$ cat start34.cif   # mmCIF, C-alpha atoms and all ligand atoms
data_protein
#
loop_
_atom_site.label_atom_id
_atom_site.label_comp_id
_atom_site.auth_asym_id
_atom_site.auth_seq_id
_atom_site.Cartn_x
_atom_site.Cartn_y
_atom_site.Cartn_z
CA MET C 797 10.26 29.54 -17.99
CA ASP C 798 10.84 28.52 -21.59
CA ARG C 799 8.92 29.67 -24.61
CA MET C 800 6.92 26.47 -25.03
CA VAL C 801 5.67 26.71 -21.51
CA SER C 802 4.65 30.31 -21.88
CA ARG C 803 2.65 29.37 -24.95
CA ARG C 804 0.72 26.93 -22.79
CA ARG C 805 0.31 29.52 -20.14
CA LEU C 806 -1.21 31.88 -22.68
CA VAL C 807 -3.89 29.32 -23.37
CA GLN C 808 -4.63 29.23 -19.65
CA VAL C 809 -4.61 32.95 -19.31
CA SER C 810 -6.94 33.53 -22.19
CA ALA C 811 -9.36 31.23 -20.39
CA ALA C 812 -8.96 33.15 -17.16
CA GLY C 813 -9.06 36.64 -18.60
CA ALA C 814 -6.26 38.68 -20.16
CA GLY C 815 -5.62 40.64 -16.99
CA VAL C 816 -3.87 37.69 -15.31
CA ALA C 817 -1.10 37.59 -17.92
CA ALA C 818 1.34 39.61 -15.86
CA LEU C 819 0.99 37.60 -12.64
CA SER C 820 3.83 35.54 -11.18
CA PRO C 821 3.46 31.73 -11.29
CA MET C 822 2.49 31.70 -7.64
CA LEU C 823 -0.24 34.28 -8.08
CA LEU C 824 -1.33 32.75 -11.33
CA ARG C 825 -1.81 29.45 -9.56
CA THR C 826 -3.91 31.10 -6.90
CA ALA C 827 -5.87 32.85 -9.59
CA MET C 828 -6.58 29.58 -11.38
CA ALA C 829 -8.91 27.63 -9.12
CA ALA C 830 -9.15 24.81 -11.64
CA PRO C 831 -6.59 22.46 -13.18
CA PRO C 832 -5.38 23.40 -16.66
CA PRO C 833 -7.85 22.40 -19.37
CA LEU C 834 -7.19 19.57 -21.81
CA GLU C 835 -7.75 20.38 -25.44
CA LYS C 836 -10.11 17.98 -27.28
CA LYS C 837 -8.09 15.76 -29.64
CA ASP C 838 -8.25 12.23 -31.02
CA LYS C 839 -4.74 11.27 -29.99
CA TYR C 840 -2.71 12.54 -27.08
CA LYS C 841 0.89 12.54 -25.96
CA VAL C 842 0.50 11.41 -22.37
CA GLY C 843 3.09 11.07 -19.59
CA PHE C 844 3.06 8.25 -17.07
CA SER C 845 5.49 8.69 -14.20
CA GLN C 846 5.89 5.35 -12.42
CA VAL C 847 7.52 5.33 -9.00
CA GLU C 848 9.38 2.00 -9.15
CA MET C 849 9.16 -1.41 -10.78
CA ASN C 850 10.29 -3.64 -7.93
CA ASN C 851 7.16 -5.72 -7.50
CA PRO C 852 4.38 -7.49 -9.45
CA TRP C 853 1.86 -4.80 -8.49
CA ARG C 854 3.92 -2.16 -10.30
CA THR C 855 4.58 -4.43 -13.27
CA ALA C 856 0.83 -5.03 -13.63
CA GLN C 857 0.06 -1.32 -13.34
CA THR C 858 2.62 -0.31 -15.98
CA ALA C 859 1.42 -3.04 -18.35
CA SER C 860 -2.18 -1.91 -17.91
CA MET C 861 -1.27 1.73 -18.71
CA GLN C 862 0.87 0.77 -21.71
CA ASP C 863 -1.72 -1.65 -23.10
CA GLU C 864 -4.53 0.90 -22.84
CA ALA C 865 -2.45 3.70 -24.44
CA LYS C 866 -1.58 1.36 -27.30
CA LYS C 867 -5.15 0.19 -27.73
CA LEU C 868 -6.39 3.79 -27.94
CA GLY C 869 -3.48 4.95 -30.11
CA HIS C 870 -2.06 7.52 -27.68
CA GLU C 871 1.66 8.14 -27.38
CA LEU C 872 2.87 7.26 -23.88
CA VAL C 873 5.94 8.98 -22.46
CA TYR C 874 6.91 6.52 -19.72
CA THR C 875 9.39 7.09 -16.92
CA GLU C 876 10.33 5.00 -13.88
CA ALA C 877 11.86 6.69 -10.87
CA GLY C 878 13.53 3.66 -9.25
CA GLY C 879 11.97 4.55 -5.89
CA SER C 880 13.64 7.98 -5.80
CA GLU C 881 11.65 11.14 -5.12
CA ALA C 882 14.36 13.31 -6.70
CA LYS C 883 14.31 11.21 -9.86
CA GLN C 884 10.53 11.31 -10.01
CA ILE C 885 10.50 15.10 -9.72
CA ALA C 886 13.07 15.25 -12.54
CA ASP C 887 10.92 12.84 -14.57
CA VAL C 888 7.94 15.19 -14.28
CA ASP C 889 10.19 18.12 -15.26
CA SER C 890 11.22 16.24 -18.37
CA MET C 891 7.58 15.52 -19.27
CA ILE C 892 6.84 19.23 -18.91
CA ALA C 893 9.78 20.02 -21.21
CA GLN C 894 8.47 17.48 -23.73
CA GLN C 895 5.09 19.23 -23.67
CA VAL C 896 2.97 16.21 -22.94
CA ASP C 897 -0.78 16.91 -22.98
CA LEU C 898 -1.47 15.35 -19.57
CA ILE C 899 0.55 13.60 -16.85
CA PHE C 900 -0.51 10.46 -15.02
CA LEU C 901 1.55 10.49 -11.85
CA ALA C 902 1.95 7.64 -9.35
CA PRO C 903 3.69 9.71 -6.64
CA ARG C 904 6.18 8.04 -4.31
CA SER C 905 5.32 10.17 -1.28
CA GLU C 906 2.84 12.90 -0.40
CA LYS C 907 4.86 16.06 0.13
CA PRO C 908 7.78 16.16 -2.37
CA LEU C 909 5.61 15.10 -5.29
CA ALA C 910 2.93 17.69 -4.46
CA GLN C 911 5.50 20.24 -5.66
CA ALA C 912 5.81 18.42 -8.98
CA VAL C 913 2.03 18.65 -9.36
CA LEU C 914 2.21 22.42 -8.89
CA LYS C 915 5.00 22.73 -11.47
CA ALA C 916 2.93 20.87 -14.04
CA LYS C 917 0.00 23.13 -13.27
CA ASP C 918 2.18 26.21 -13.78
CA ALA C 919 3.19 24.79 -17.16
CA GLY C 920 -0.46 24.37 -18.13
CA ILE C 921 -0.43 20.56 -17.98
CA PRO C 922 -3.25 18.73 -16.15
CA VAL C 923 -2.26 15.93 -13.77
CA ILE C 924 -4.23 12.84 -12.77
CA LEU C 925 -2.84 11.02 -9.73
CA LEU C 926 -2.79 7.25 -9.86
CA ASP C 927 -2.78 4.95 -6.83
CA ARG C 928 -1.17 7.36 -4.32
CA ASP C 929 -2.28 10.83 -3.33
CA VAL C 930 -0.26 13.98 -2.56
CA ASP C 931 -0.49 16.29 0.44
CA GLN C 932 -3.69 18.24 -0.07
CA THR C 933 -2.51 21.19 2.00
CA ILE C 934 0.07 21.73 -0.79
CA ALA C 935 -1.86 20.66 -3.89
CA LYS C 936 -5.62 20.25 -4.06
CA PRO C 937 -7.70 17.94 -6.26
CA GLY C 938 -10.05 19.82 -8.56
CA GLU C 939 -7.75 22.85 -8.35
CA ASP C 940 -4.12 21.86 -8.76
CA TYR C 941 -4.69 18.37 -10.16
CA VAL C 942 -7.73 16.81 -11.76
CA CYS C 943 -8.34 13.91 -9.40
CA PHE C 944 -6.99 10.89 -7.57
CA ILE C 945 -7.82 7.42 -8.87
CA GLY C 946 -7.09 4.55 -6.49
CA SER C 947 -8.18 2.50 -3.54
CA ASN C 948 -9.61 3.54 -0.21
CA PHE C 949 -6.51 2.74 1.87
CA ILE C 950 -8.13 3.47 5.22
CA GLN C 951 -10.80 0.93 4.44
CA GLU C 952 -8.17 -1.59 3.30
CA GLY C 953 -6.40 -1.28 6.65
CA ALA C 954 -9.66 -1.64 8.55
CA ARG C 955 -10.59 -4.77 6.60
CA ALA C 956 -7.20 -6.32 7.37
CA ALA C 957 -7.75 -5.49 11.06
CA GLU C 958 -11.24 -7.01 11.05
CA TRP C 959 -9.98 -10.28 9.58
CA LEU C 960 -7.07 -10.45 12.02
CA ALA C 961 -9.19 -9.64 15.08
CA GLN C 962 -11.69 -12.34 14.12
CA THR C 963 -9.03 -14.92 13.29
CA MET C 964 -7.08 -14.28 16.50
CA GLY C 965 -10.19 -14.24 18.67
CA GLY C 966 -9.49 -10.66 19.73
CA THR C 967 -6.03 -11.31 21.22
CA ALA C 968 -2.75 -10.94 19.34
CA THR C 969 0.79 -9.57 19.59
CA ILE C 970 1.27 -7.88 16.26
CA ILE C 971 4.27 -6.74 14.21
CA GLU C 972 3.35 -4.15 11.57
CA LEU C 973 5.41 -3.72 8.39
CA GLU C 974 4.72 -0.27 7.02
CA GLY C 975 4.90 0.86 3.40
CA THR C 976 7.00 3.72 2.04
CA THR C 977 7.36 6.48 4.63
CA GLY C 978 5.30 9.55 3.75
CA SER C 979 3.20 7.74 1.13
CA SER C 980 -0.57 7.89 1.34
CA PRO C 981 -1.11 4.10 1.35
CA ALA C 982 1.34 3.64 4.25
CA MET C 983 -0.26 6.40 6.31
CA ASP C 984 -3.84 5.40 5.58
CA ARG C 985 -3.36 1.65 5.87
CA GLN C 986 -1.87 2.25 9.29
CA LYS C 987 -4.70 4.55 10.29
CA GLY C 988 -7.49 2.22 9.12
CA PHE C 989 -5.96 -0.77 10.91
CA ARG C 990 -5.34 1.04 14.17
CA ASP C 991 -8.64 2.90 14.18
CA PHE C 992 -10.55 -0.33 13.62
CA LEU C 993 -8.77 -2.05 16.52
CA ALA C 994 -9.36 1.01 18.72
CA GLY C 995 -13.06 0.98 17.82
CA THR C 996 -12.85 4.46 16.25
CA TYR C 997 -12.93 3.56 12.53
CA VAL C 998 -15.69 5.22 10.58
CA SER C 999 -16.36 4.22 7.01
CA GLU C 1000 -16.13 7.42 4.96
CA GLU C 1001 -18.18 6.11 2.10
CA ASN C 1002 -20.32 3.65 4.02
CA LEU C 1003 -18.92 0.80 1.95
CA GLY C 1004 -20.50 -1.89 4.10
CA THR C 1005 -17.22 -3.59 4.99
CA PRO C 1006 -15.73 -3.96 7.53
CA ALA C 1007 -18.61 -4.35 9.92
CA PRO C 1008 -18.37 -1.87 12.81
CA ALA C 1009 -15.98 -2.96 15.59
CA PRO C 1010 -17.49 -3.49 19.04
CA SER C 1011 -17.48 -0.35 21.15
CA GLY C 1012 -14.08 -0.04 22.81
CA GLY C 1013 -12.57 -1.98 19.91
CA PHE C 1014 -10.21 -4.89 20.53
CA PRO C 1015 -7.96 -4.00 23.48
CA GLY C 1016 -6.35 -7.45 23.29
CA MET C 1017 -4.95 -6.75 19.82
CA GLN C 1018 -1.60 -5.07 20.50
CA VAL C 1019 0.79 -3.69 17.87
CA VAL C 1020 4.17 -4.15 19.63
CA ALA C 1021 6.47 -3.03 16.80
CA SER C 1022 5.99 -1.12 13.58
CA GLN C 1023 8.60 -0.13 11.03
CA THR C 1024 8.83 0.61 7.33
CA GLY C 1025 9.88 -2.06 4.85
CA ASP C 1026 9.38 0.37 1.95
CA PHE C 1027 6.77 -1.90 0.27
CA ALA C 1028 9.67 -4.19 -0.77
CA ARG C 1029 10.13 -7.94 -0.25
CA ASP C 1030 13.82 -7.88 0.77
CA GLU C 1031 13.42 -4.95 3.09
CA GLY C 1032 10.28 -6.49 4.56
CA ARG C 1033 12.25 -9.62 5.28
CA THR C 1034 15.20 -7.93 7.01
CA VAL C 1035 13.02 -5.50 8.96
CA PHE C 1036 10.79 -8.36 10.10
CA GLU C 1037 13.83 -10.39 11.20
CA THR C 1038 14.96 -7.56 13.46
CA LEU C 1039 11.52 -6.85 14.87
CA TYR C 1040 10.77 -10.54 15.48
CA GLN C 1041 14.08 -11.06 17.29
CA ALA C 1042 13.16 -8.16 19.58
CA ASN C 1043 9.56 -9.43 19.97
CA PRO C 1044 9.72 -13.23 19.90
CA THR C 1045 6.23 -13.57 21.38
CA ALA C 1046 4.65 -11.90 18.35
CA ASN C 1047 2.04 -14.18 16.81
CA ALA C 1048 0.63 -11.94 14.07
CA VAL C 1049 1.91 -9.73 11.25
CA TYR C 1050 0.12 -6.92 9.47
CA ALA C 1051 2.04 -6.01 6.29
CA HIS C 1052 0.98 -2.97 4.23
CA ASN C 1053 1.58 -5.00 1.06
CA ASP C 1054 1.99 -8.58 -0.09
CA GLU C 1055 5.66 -8.24 -0.95
CA MET C 1056 6.60 -7.42 2.66
CA ALA C 1057 4.33 -10.22 3.90
CA LEU C 1058 6.18 -12.64 1.62
CA GLY C 1059 9.46 -11.29 3.03
CA ALA C 1060 8.20 -12.00 6.56
CA ILE C 1061 7.14 -15.51 5.52
CA ALA C 1062 10.65 -16.19 4.20
CA ALA C 1063 12.18 -14.86 7.43
CA LEU C 1064 9.90 -17.04 9.57
CA GLU C 1065 10.75 -20.15 7.56
CA ALA C 1066 14.46 -19.38 7.83
CA ALA C 1067 13.98 -19.13 11.61
CA GLY C 1068 12.35 -22.57 11.70
CA LYS C 1069 8.84 -21.23 12.35
CA VAL C 1070 5.65 -22.17 10.56
CA PRO C 1071 4.02 -19.13 8.94
CA GLY C 1072 0.24 -19.38 9.17
CA THR C 1073 0.49 -21.48 12.35
CA ASP C 1074 3.10 -19.93 14.66
CA VAL C 1075 2.49 -16.49 13.22
CA VAL C 1076 -0.68 -15.43 11.39
CA ILE C 1077 -0.15 -12.94 8.56
CA VAL C 1078 -2.49 -10.54 6.79
CA SER C 1079 -1.57 -8.11 4.00
CA ILE C 1080 -2.85 -6.01 1.10
CA ASP C 1081 -2.64 -6.19 -2.75
CA GLY C 1082 -3.82 -9.62 -3.91
CA SER C 1083 -0.83 -10.61 -6.04
CA ARG C 1084 -0.50 -14.09 -7.51
CA ASP C 1085 2.34 -14.97 -5.11
CA ALA C 1086 0.15 -13.89 -2.21
CA LEU C 1087 -2.82 -15.94 -3.37
CA GLN C 1088 -0.49 -18.93 -3.78
CA ALA C 1089 0.79 -18.35 -0.22
CA ILE C 1090 -2.83 -18.41 0.98
CA VAL C 1091 -3.46 -21.67 -0.88
CA ASP C 1092 -0.27 -23.03 0.77
CA GLY C 1093 -1.55 -21.97 4.20
CA LYS C 1094 1.30 -19.50 4.82
CA LEU C 1095 -0.58 -16.24 4.37
CA GLY C 1096 -3.95 -15.81 6.07
CA ALA C 1097 -5.64 -13.21 3.89
CA THR C 1098 -4.98 -10.26 1.59
CA VAL C 1099 -7.20 -7.27 0.87
CA GLU C 1100 -7.21 -6.58 -2.85
CA CYS C 1101 -5.70 -3.38 -4.18
CA ASN C 1102 -6.32 -3.49 -7.91
CA PRO C 1103 -3.32 -2.33 -10.03
CA ARG C 1104 -5.08 -2.41 -13.41
CA PHE C 1105 -5.56 1.31 -13.87
CA GLY C 1106 -5.33 1.69 -17.65
CA PRO C 1107 -9.02 1.69 -18.69
CA LYS C 1108 -10.19 3.95 -15.84
CA ALA C 1109 -7.24 6.34 -16.22
CA PHE C 1110 -7.77 6.96 -19.94
CA GLU C 1111 -11.55 7.05 -19.63
CA THR C 1112 -11.19 9.79 -17.00
CA MET C 1113 -8.77 11.70 -19.24
CA MET C 1114 -11.29 11.67 -22.10
CA GLN C 1115 -14.11 12.79 -19.80
CA TYR C 1116 -11.92 15.64 -18.62
CA ALA C 1117 -11.14 16.67 -22.21
CA ASN C 1118 -14.89 16.65 -22.91
CA GLY C 1119 -15.42 19.13 -20.12
CA GLU C 1120 -17.30 16.71 -17.88
CA GLN C 1121 -17.31 17.22 -14.13
CA ILE C 1122 -14.74 14.83 -12.63
CA GLU C 1123 -15.04 13.47 -9.09
CA THR C 1124 -11.93 14.52 -7.18
CA LYS C 1125 -11.58 11.01 -5.68
CA ILE C 1126 -12.34 8.01 -7.88
CA ILE C 1127 -12.27 4.88 -5.75
CA ASN C 1128 -11.48 1.44 -7.16
CA PRO C 1129 -13.57 -1.28 -5.53
CA ASP C 1130 -11.42 -3.93 -3.79
CA ARG C 1131 -12.19 -7.60 -3.18
CA PHE C 1132 -10.94 -9.75 -0.32
CA PHE C 1133 -9.02 -13.01 -0.61
CA ASP C 1134 -8.62 -15.71 2.03
CA ALA C 1135 -8.62 -19.50 2.21
CA THR C 1136 -12.23 -19.61 1.01
CA ASN C 1137 -11.56 -18.10 -2.44
CA ALA C 1138 -7.79 -17.70 -3.13
CA GLU C 1139 -7.60 -20.75 -5.38
CA GLU C 1140 -10.51 -19.57 -7.49
CA PHE C 1141 -8.81 -16.24 -8.26
CA LEU C 1142 -5.27 -17.56 -8.72
CA ASP C 1143 -5.43 -17.67 -12.52
CA GLU C 1144 -6.58 -14.10 -12.98
CA ALA C 1145 -4.13 -12.69 -10.40
CA TYR C 1146 -1.07 -10.67 -11.48
O1 LIG M 1201 0.02 -1.61 -2.44
C1 LIG M 1201 2.22 -1.55 -3.31
C2 LIG M 1201 2.88 -0.66 -4.22
O2 LIG M 1201 0.60 2.65 -3.96
C3 LIG M 1201 -1.29 1.29 -3.72
O3 LIG M 1201 2.34 0.60 -3.82
C4 LIG M 1201 0.13 1.35 -4.09
C5 LIG M 1201 1.05 0.41 -3.32
C6 LIG M 1201 0.81 -1.07 -3.44
O4 LIG M 1201 4.24 -0.65 -4.33
O5 LIG M 1201 2.39 -2.91 -3.49
#

$ encode --input "start34.cif" --output "structure tokens" --more "lines below"
Ligand code: GYE
Amino acid sequence: MDRMVSRRRLVQVSAAGAGVAALSPMLLRTAMAAPPPLEKKDKYKVGFSQVEMNNPWRTAQTASMQDEAKKLGHELVYTEAGGSEAKQIADVDSMIAQQVDLIFLAPRSEKPLAQAVLKAKDAGIPVILLDRDVDQTIAKPGEDYVCFIGSNFIQEGARAAEWLAQTMGGTATIIELEGTTGSSPAMDRQKGFRDFLAGTYVSEENLGTPAPAPSGGFPGMQVVASQTGDFARDEGRTVFETLYQANPTANAVYAHNDEMALGAIAALEAAGKVPGTDVVIVSIDGSRDALQAIVDGKLGATVECNPRFGPKAFETMMQYANGEQIETKIINPDRFFDATNAEEFLDEAY
């Protein structure tokens, strides 16, 4: 533990009572049932650890964070982990060493990055999670990190399932392209989709959509193959090729993001099939390419997952610095795009 870090820890300890000063990091963490405080200042040095920059969703998210930091005059220490958990952990370490005031973390997967959250806490630096969560048995919101800001992924999956079940008249042979293994959107988008089709989906926040499935669900909607495409277009394409060769009667695709759906569309076209007719596709994100694919009749629908986090992220940081009570889960509202409205939203899409 270097000297700078122990200075921060002293600030924490004085808040908790001088008696904690001698405790080990592990015990100190247990003793501190709240995330480290954020000193009130006009300008901050803030870290933003981005997971990867391989798709328009990520580009839009980074731009939104950078634009907002600039607008508010904060210094942004930006890192990009290239899709590597090890690199992202090292990126957080480097932000700790640079003594940033707060870290915005978009964690690649739930378990490894939960450890990075704990390290930041030990160093006295509050963390706000953006767009993906960490494993809450390892790190807890409101205790080890301030909060999670992002979409309700279970609901996104359920909405995709509702659209597909309606469009296919309750009968389909489905290939599922999963997101990054161990990431919260991949796990929850799978759960929401499957629960809805099984008739067991319950809306946590009573968001009004999707409408409840009929009791017993949709037994004619069968997922015959499911594999990760790592949220990437190329990988989505090659994984889909393999799964479609093994399941040539598949007539529907559920992709956990637009990029993989676009990969599947390319694979279908290369195989001489007509996406949207031979195989119906639904996905999540609402990127410009996806909306264009809807307009072109190739993609059926996409559930929005809004990447423009900047304003909400910095507003939450300021509220935290002001000592306001922060919700541990801040949910972005998502829209829904299909043939009825894709054209209208094309211009504003990312
Ligand atoms: O859907 C995907 C991105 O974590 C919600 O990650 C995010 C997902 C988003 O790479 O396109």

$ residues_around --input "start34.cif" --residues "range 1127-1135 of chain C" --least-positions-apart "6" --cutoff "10 Å" --atoms "only C-alpha atoms" --output "ChimeraX atom specification"
/C:927,944-949,951-952,955-956,959,1001,1003,1078,1080-1082,1086-1087,1089-1093,1095-1105,1108,1141

$ residues_near_ligand --input "start34.cif" --ligand "ligand LIG 1201 (chain M)" --cutoff "8 Å" --atoms "all atoms listed in the file" --output "list of chain:residue names"
C:Glu848, C:Asn850, C:Asn851, C:Pro852, C:Trp853, C:Arg854, C:Ala902, C:Arg904, C:Asp927, C:Arg928, C:Gly946, C:Ser947, C:Phe949, C:Gly975, C:Ser979, C:Ser980, C:Pro981, C:Phe1027, C:Ala1028, C:His1052, C:Asn1053, C:Asp1054, C:Glu1055, C:Ile1080, C:Asp1081, C:Cys1101, C:Pro1103

$ residues_around --input "start34.cif" --residues "Ala1062 in chain C" --least-positions-apart "4" --cutoff "7 Å" --atoms "only C-alpha atoms" --output "PDB file with C-alpha atoms, in the frame of the given file"
ATOM      1  CA  ARG C1033      12.250  -9.620   5.280  1.00  0.00           C
ATOM      2  CA  LEU C1058       6.180 -12.640   1.620  1.00  0.00           C
ATOM      3  CA  ALA C1066      14.460 -19.380   7.830  1.00  0.00           C
TER       4      ALA C1066
END

$ atom_distance --input "start34.cif" --atom1 "CA of Ala865 in chain C" --atom2 "CA of Ile1126 in chain C"
19.8 Å

$ closest_residue --input "start34.cif" --among "C:Pro1071, C:Gly879, C:Pro922, C:Pro937" --to "Ala1048 in chain C" --atoms "all atoms listed in the file"
C:Pro1071

$ residues_around --input "start34.cif" --residues "Val942 in chain C" --least-positions-apart "6" --cutoff "9 Å" --atoms "all atoms listed in the file" --output "VMD selection string"
chain C and resid 830 to 832 922 to 925 936 1116 1122 to 1124

$ residues_around --input "start34.cif" --residues "Asp897 in chain C" --least-positions-apart "6" --cutoff "10 Å" --atoms "all atoms listed in the file" --output "PyMOL selection string"
chain C and resi 833-835+837+839-843+891+920-923

$ closest_residue --input "start34.cif" --among "C:His870, C:Gly1012, C:Ile971, C:Gln884" --to "Leu898 in chain C" --atoms "all atoms listed in the file"
C:His870

$ axis_aligned_box --input "start34.cif" --around "range 918-928 of chain C" --padding-each-side "3 Å" --output "lines of an AutoDock Vina configuration file"
center_x = -0.5
center_y = 15.6
center_z = -11.2
size_x = 13.4
size_y = 27.3
size_z = 19.8

$ residues_around --input "start34.cif" --residues "Glu1065 in chain C" --least-positions-apart "6" --cutoff "12 Å" --atoms "only C-alpha atoms" --output "list in words"
Arg1033, Glu1037, Leu1058, Gly1059, Pro1071, Gly1072, Thr1073, Asp1074, Val1075 and Lys1094 of chain C

$ atom_distance --input "start34.cif" --atom1 "CA of Lys1125 in chain C" --atom2 "CA of Cys943 in chain C"
5.7 Å

$ atom_distance --input "start34.cif" --atom1 "CA of Gly988 in chain C" --atom2 "CA of Glu958 in chain C"
10.1 Å

$ closest_residue --input "start34.cif" --among "C:Ala910, C:Leu960, C:Ile950, C:Ala1138" --to "Lys987 in chain C" --atoms "all atoms listed in the file"
C:Ile950
